$ cat data.txt   # compact mmCIF, C-alpha atoms
# COMPACT_ATOMS: atom_id res chain seq x y z
CA MET A 218 184.82 91.35 134.92
CA ASN A 219 181.47 92.23 136.45
CA ALA A 220 178.34 93.39 134.66
CA LEU A 221 179.23 97.05 134.96
CA ALA A 222 182.81 96.58 133.81
CA ALA A 223 181.40 94.87 130.72
CA LEU A 224 179.97 98.25 129.77
CA ALA A 225 183.39 99.91 129.71
CA ASP A 226 183.79 98.78 126.07
CA PRO A 227 182.47 101.38 123.57
CA THR A 228 181.03 98.79 121.13
CA ARG A 229 179.10 97.11 123.93
CA ARG A 230 177.80 100.46 125.15
CA ARG A 231 176.62 101.26 121.63
CA ILE A 232 174.83 97.89 121.45
CA VAL A 233 173.12 98.63 124.77
CA GLU A 234 172.06 102.07 123.49
CA LEU A 235 170.60 100.53 120.34
CA LEU A 236 168.75 97.89 122.34
CA ALA A 237 167.38 100.60 124.63
CA GLU A 238 165.25 101.66 121.67
CA GLY A 239 163.77 98.20 121.34
CA GLU A 240 164.74 94.60 120.61
CA ARG A 241 166.80 93.78 117.53
CA SER A 242 168.14 90.73 115.76
CA ALA A 243 171.86 89.92 115.77
CA GLY A 244 172.10 90.58 112.02
CA ASP A 245 170.36 93.92 112.37
CA LEU A 246 172.76 94.94 115.13
CA ALA A 247 175.78 93.79 113.12
CA SER A 248 174.70 96.00 110.20
CA GLU A 249 175.20 99.02 112.51
CA PHE A 250 178.89 98.20 112.77
CA SER A 251 180.29 98.02 109.25
CA GLY A 252 183.17 95.58 108.92
CA LYS A 253 182.86 94.37 112.52
CA ARG A 254 180.35 91.58 112.07
CA PRO A 255 182.31 88.85 113.95
CA GLY A 256 183.00 91.30 116.74
CA VAL A 257 179.33 92.00 117.31
CA SER A 258 178.45 88.38 118.05
CA ARG A 259 181.35 88.19 120.51
CA HIS A 260 180.17 91.39 122.22
CA LEU A 261 176.61 90.07 122.36
CA ARG A 262 177.87 86.89 124.00
CA ILE A 263 179.77 88.91 126.65
CA LEU A 264 176.72 91.10 127.31
CA ARG A 265 174.56 88.01 127.63
CA GLU A 266 177.02 86.26 129.97
CA HIS A 267 176.88 89.30 132.24
CA GLY A 268 173.12 89.37 132.27
CA LEU A 269 172.91 92.70 130.47
CA VAL A 270 171.01 91.42 127.45
CA ARG A 271 168.88 88.37 126.78
CA ALA A 272 168.18 86.50 123.57
CA ARG A 273 165.13 84.71 122.24
CA ALA A 274 164.69 82.64 119.13
CA ASP A 275 162.40 83.99 116.41
CA GLY A 276 162.38 81.33 113.73
CA ARG A 277 165.99 81.17 112.56
CA ARG A 278 166.88 84.56 113.99
CA ARG A 279 168.08 85.41 117.47
CA VAL A 280 166.48 88.54 118.83
CA TYR A 281 168.21 90.48 121.58
CA SER A 282 166.76 92.79 124.24
CA LEU A 283 168.01 94.48 127.39
CA ASP A 284 167.88 92.81 130.78
CA PRO A 285 167.64 95.15 133.79
CA GLY A 286 169.33 92.57 136.07
CA PRO A 287 172.47 94.67 136.81
CA LEU A 288 170.30 97.29 138.46
CA ASP A 289 169.27 94.63 140.96
CA GLU A 290 172.95 93.80 141.44
CA LEU A 291 173.72 97.42 142.37
CA ASP A 292 170.73 97.54 144.67
CA ALA A 293 171.98 94.40 146.44
CA TRP A 294 175.45 95.98 146.79
CA LEU A 295 173.99 99.13 148.35
CA THR A 296 171.72 97.21 150.74
CA HIS A 297 174.54 94.93 151.84
CA TYR A 298 177.00 97.75 152.53
CA ARG A 299 174.46 99.99 154.24
CA ALA A 300 173.88 97.29 156.87
CA PHE A 301 177.62 96.54 157.04
CA TRP A 302 178.59 100.17 157.75
CA GLN A 303 175.79 100.75 160.28
CA ASN A 304 177.14 97.77 162.17
CA ARG A 305 180.76 99.00 161.95
CA LEU A 306 179.84 102.51 163.12
CA ASP A 307 178.28 100.85 166.21
CA ALA A 308 181.52 98.91 166.71
CA LEU A 309 183.53 102.15 166.47
CA ASP A 310 181.40 103.62 169.27
CA THR A 311 182.09 100.55 171.40
CA GLU A 312 185.81 100.90 170.68
CA VAL A 313 185.87 104.60 171.69
CA LYS A 314 184.20 103.70 175.00
CA ARG A 315 186.52 100.75 175.64
CA GLN A 316 189.54 102.93 174.99
CA ARG A 317 188.24 105.55 177.42
CA ARG A 318 187.72 102.95 180.19
CA ASN A 319 191.31 101.76 179.74
CA THR A 320 192.93 105.18 180.14
CA MET B 200 173.17 107.69 142.32
CA THR B 201 174.05 110.97 140.59
CA ASP B 202 176.43 111.90 137.76
CA GLY B 203 176.99 108.25 136.99
CA ARG B 204 178.43 107.57 140.44
CA CYS B 205 177.12 104.94 142.74
CA ALA B 206 178.08 105.76 146.29
CA LEU B 207 176.83 105.00 149.74
CA ARG B 208 177.18 107.72 152.35
CA LEU B 209 176.58 107.38 156.08
CA SER B 210 177.39 109.66 158.97
CA ARG B 211 177.33 109.43 162.72
CA ARG B 212 178.04 111.79 165.59
CA TYR B 213 180.27 110.59 168.45
CA ASP B 214 180.68 111.94 171.93
CA ALA B 215 184.47 112.19 171.65
CA ALA B 216 187.13 114.59 170.35
CA PRO B 217 188.71 113.90 166.91
CA ALA B 218 192.01 112.86 168.55
CA GLU B 219 190.24 110.24 170.64
CA LEU B 220 188.18 109.05 167.73
CA TRP B 221 191.22 108.81 165.48
CA THR B 222 192.99 106.52 167.96
CA ALA B 223 189.99 104.18 167.91
CA LEU B 224 189.59 104.45 164.14
CA SER B 225 193.27 103.67 163.46
CA ASP B 226 192.96 100.26 165.06
CA LEU B 227 191.06 98.84 162.08
CA ASP B 228 191.03 95.27 163.33
CA ARG B 229 189.08 96.23 166.45
CA TRP B 230 186.11 97.98 164.85
CA LEU B 231 186.18 97.29 161.13
CA ALA B 232 187.61 93.78 160.92
CA PRO B 233 188.43 94.49 157.25
CA PRO B 234 187.98 91.61 154.80
CA ASP B 235 191.10 90.40 152.93
CA GLY B 236 191.88 92.72 150.05
CA VAL B 237 191.28 95.94 151.97
CA THR B 238 194.30 98.22 152.33
CA VAL B 239 194.93 101.71 153.67
CA ARG B 240 195.76 104.06 150.81
CA ARG B 241 196.17 107.28 152.75
CA ALA B 242 195.83 108.39 156.36
CA GLU B 243 195.68 111.99 157.46
CA PRO B 244 195.54 111.87 161.29
CA GLU B 245 192.35 113.16 162.91
CA ARG B 246 190.90 114.13 159.53
CA ARG B 247 190.74 111.52 156.80
CA LEU B 248 191.32 107.84 156.10
CA GLU B 249 191.17 106.32 152.58
CA LEU B 250 190.89 102.62 151.92
CA ASP B 251 191.22 100.58 148.75
CA TRP B 252 188.41 98.05 148.96
CA ARG B 253 189.12 95.05 146.75
CA PRO B 254 187.96 91.81 148.33
CA ASP B 255 187.92 88.72 146.08
CA GLY B 256 184.86 88.34 143.92
CA GLU B 257 183.65 91.91 144.43
CA PRO B 258 183.81 94.88 142.09
CA PRO B 259 186.60 97.23 143.24
CA SER B 260 185.51 100.16 145.36
CA GLU B 261 186.98 102.79 147.63
CA VAL B 262 186.13 104.01 151.08
CA VAL B 263 186.77 107.48 152.50
CA VAL B 264 186.26 108.15 156.20
CA GLU B 265 186.22 111.81 157.21
CA LEU B 266 186.27 113.30 160.71
CA ARG B 267 184.90 116.72 161.54
CA ALA B 268 184.92 118.34 165.00
CA GLU B 269 181.64 119.83 166.15
CA GLY B 270 182.08 121.36 169.59
CA ALA B 271 183.11 118.54 171.92
CA GLN B 272 181.79 115.95 169.46
CA THR B 273 183.05 114.44 166.23
CA VAL B 274 181.04 113.68 163.12
CA VAL B 275 182.28 110.70 161.12
CA VAL B 276 181.25 110.51 157.45
CA ILE B 277 181.83 107.29 155.53
CA GLU B 278 181.59 107.29 151.76
CA HIS B 279 181.85 103.98 149.94
CA THR B 280 182.04 104.35 146.16
CA GLN B 281 181.80 101.54 143.64
CA ILE B 282 184.41 102.41 141.03
CA GLU B 283 183.13 100.33 138.13
CA ALA B 284 179.68 101.71 138.72
CA THR B 285 180.99 105.21 138.18
CA ARG B 286 181.68 104.27 134.58
CA GLY B 287 178.72 102.00 134.04
CA MET B 288 175.91 103.83 135.81
CA ARG B 289 175.69 106.63 133.27
CA TYR B 290 174.81 104.16 130.56
CA ILE B 291 172.52 102.10 132.72
CA ALA B 292 170.69 105.27 133.76
CA ALA B 293 170.35 106.37 130.14
CA TRP B 294 169.06 102.97 129.13
CA GLY B 295 166.62 102.90 132.05
CA ARG B 296 165.16 106.19 130.85
CA ALA B 297 164.96 104.88 127.30
CA MET B 298 163.09 101.81 128.52
CA GLU B 299 160.60 103.95 130.42
CA ARG B 300 159.90 105.84 127.20
CA PHE B 301 159.50 102.56 125.39
CA ASP B 302 157.01 101.33 128.02
CA ALA B 303 155.10 104.60 127.95
CA ALA B 304 154.68 104.52 124.16
CA PRO B 305 151.08 103.71 123.13
$ encode --input "data.txt" --output "structure tokens"
Amino acid sequence: MNALAALADPTRRRIVELLAEGERSAGDLASEFSGKRPGVSRHLRILREHGLVRARADGRRRVYSLDPGPLDELDAWLTHYRAFWQNRLDALDTEVKRQRRNT
Amino acid sequence: MTDGRCALRLSRRYDAAPAELWTALSDLDRWLAPPDGVTVRRAEPERRLELDWRPDGEPPSEVVVELRAEGAQTVVVIEHTQIEATRGMRYIAAWGRAMERFDAAP
């Protein structure tokens, strides 16, 4: 699962939306999901593992906030494939010319 | 990036008819050298080629190559779309906007 696939889960999307309004503690986030307290810490762990949120200690609490890292990941994907396809379109031109010479 | 889709689009004009270009295009190993995990999903001669793009360790994506005749030339349009991004980008975009608001707040 990559960072973007991690957002396919509705609970994790809701957590991200809540954190978009500002940082929150784990307990505060859990109170938004009645009866799903254990689930929230699991979702927070998954979000953190994928670099979507980060945590800091505030006394005994853990406070979560968003991490814009995945945007960099997408940017890297776009940059990589732009160069890749430019190169392959050049190769296609070479191939058309080679084919023409051989006929 | 629009409508929650993340796609890369490139085009190029070639000095060749679609039939000629299609012959070259069909021989994927010669020009594309596709990485393992790339397969042809659909081929419509002289018009359109669709590839499933799923190399190891990469988010799945799809590639559509379209050919369009323009006089004696052919325009090739390549669109590479990151599938997972199509679901995720909407939320990332929304959260980016929310963060800008947060930053802008006095």
$ closest_residue --input "data.txt" --among "A:Arg262, A:Tyr281, A:Arg231, A:Leu295" --to "Glu249 of chain A" --atoms "all atoms listed in the file"
A:Arg231
$ interface_residues --input "data.txt" --of "chain A" --to "chain B" --cutoff "12 Å" --atoms "all atoms listed in the file" --output "ChimeraX atom specification"
/A:218-227,229-240,269-270,282-292,294-317,320
$ residues_around --input "data.txt" --residues "Arg241 of chain B" --least-positions-apart "3" --cutoff "10 Å" --atoms "all atoms listed in the file" --output "number ranges by chain"
B: 238, 244, 247-251, 263
$ atom_distance --input "data.txt" --atom1 "atom CA of Glu243 of chain B" --atom2 "atom CA of Val262 of chain B"
14.0 Å
$ closest_residue --input "data.txt" --among "B:Ala218, B:Val237, B:Glu261, B:Asp255" --to "Thr273 of chain B" --atoms "only C-alpha atoms"
B:Ala218
$ decode --input "data.txt" --residues "segment 302-318 of chain A" --atoms "C-alpha atoms" --output "PDB file, in the first residue's frame"
ATOM      1  CA  TRP A 302       8.293   9.606 -21.832  1.00  0.00           C
ATOM      2  CA  GLN A 303      10.270  12.396 -23.537  1.00  0.00           C
ATOM      3  CA  ASN A 304      13.068   9.898 -23.955  1.00  0.00           C
ATOM      4  CA  ARG A 305      10.728   7.168 -25.277  1.00  0.00           C
ATOM      5  CA  LEU A 306       9.076   9.537 -27.774  1.00  0.00           C
ATOM      6  CA  ASP A 307      12.588  10.240 -29.128  1.00  0.00           C
ATOM      7  CA  ALA A 308      13.168   6.484 -29.383  1.00  0.00           C
ATOM      8  CA  LEU A 309       9.890   6.081 -31.283  1.00  0.00           C
ATOM      9  CA  ASP A 310      11.093   8.653 -33.821  1.00  0.00           C
ATOM     10  CA  THR A 311      14.341   6.714 -34.229  1.00  0.00           C
ATOM     11  CA  GLU A 312      12.339   3.512 -34.726  1.00  0.00           C
ATOM     12  CA  VAL A 313      10.109   5.073 -37.425  1.00  0.00           C
ATOM     13  CA  LYS A 314      13.222   6.210 -39.315  1.00  0.00           C
ATOM     14  CA  ARG A 315      14.964   2.840 -38.955  1.00  0.00           C
ATOM     15  CA  GLN A 316      11.883   1.062 -40.240  1.00  0.00           C
ATOM     16  CA  ARG A 317      11.734   3.391 -43.244  1.00  0.00           C
ATOM     17  CA  ARG A 318      15.400   2.747 -44.125  1.00  0.00           C
TER      18      ARG A 318
END
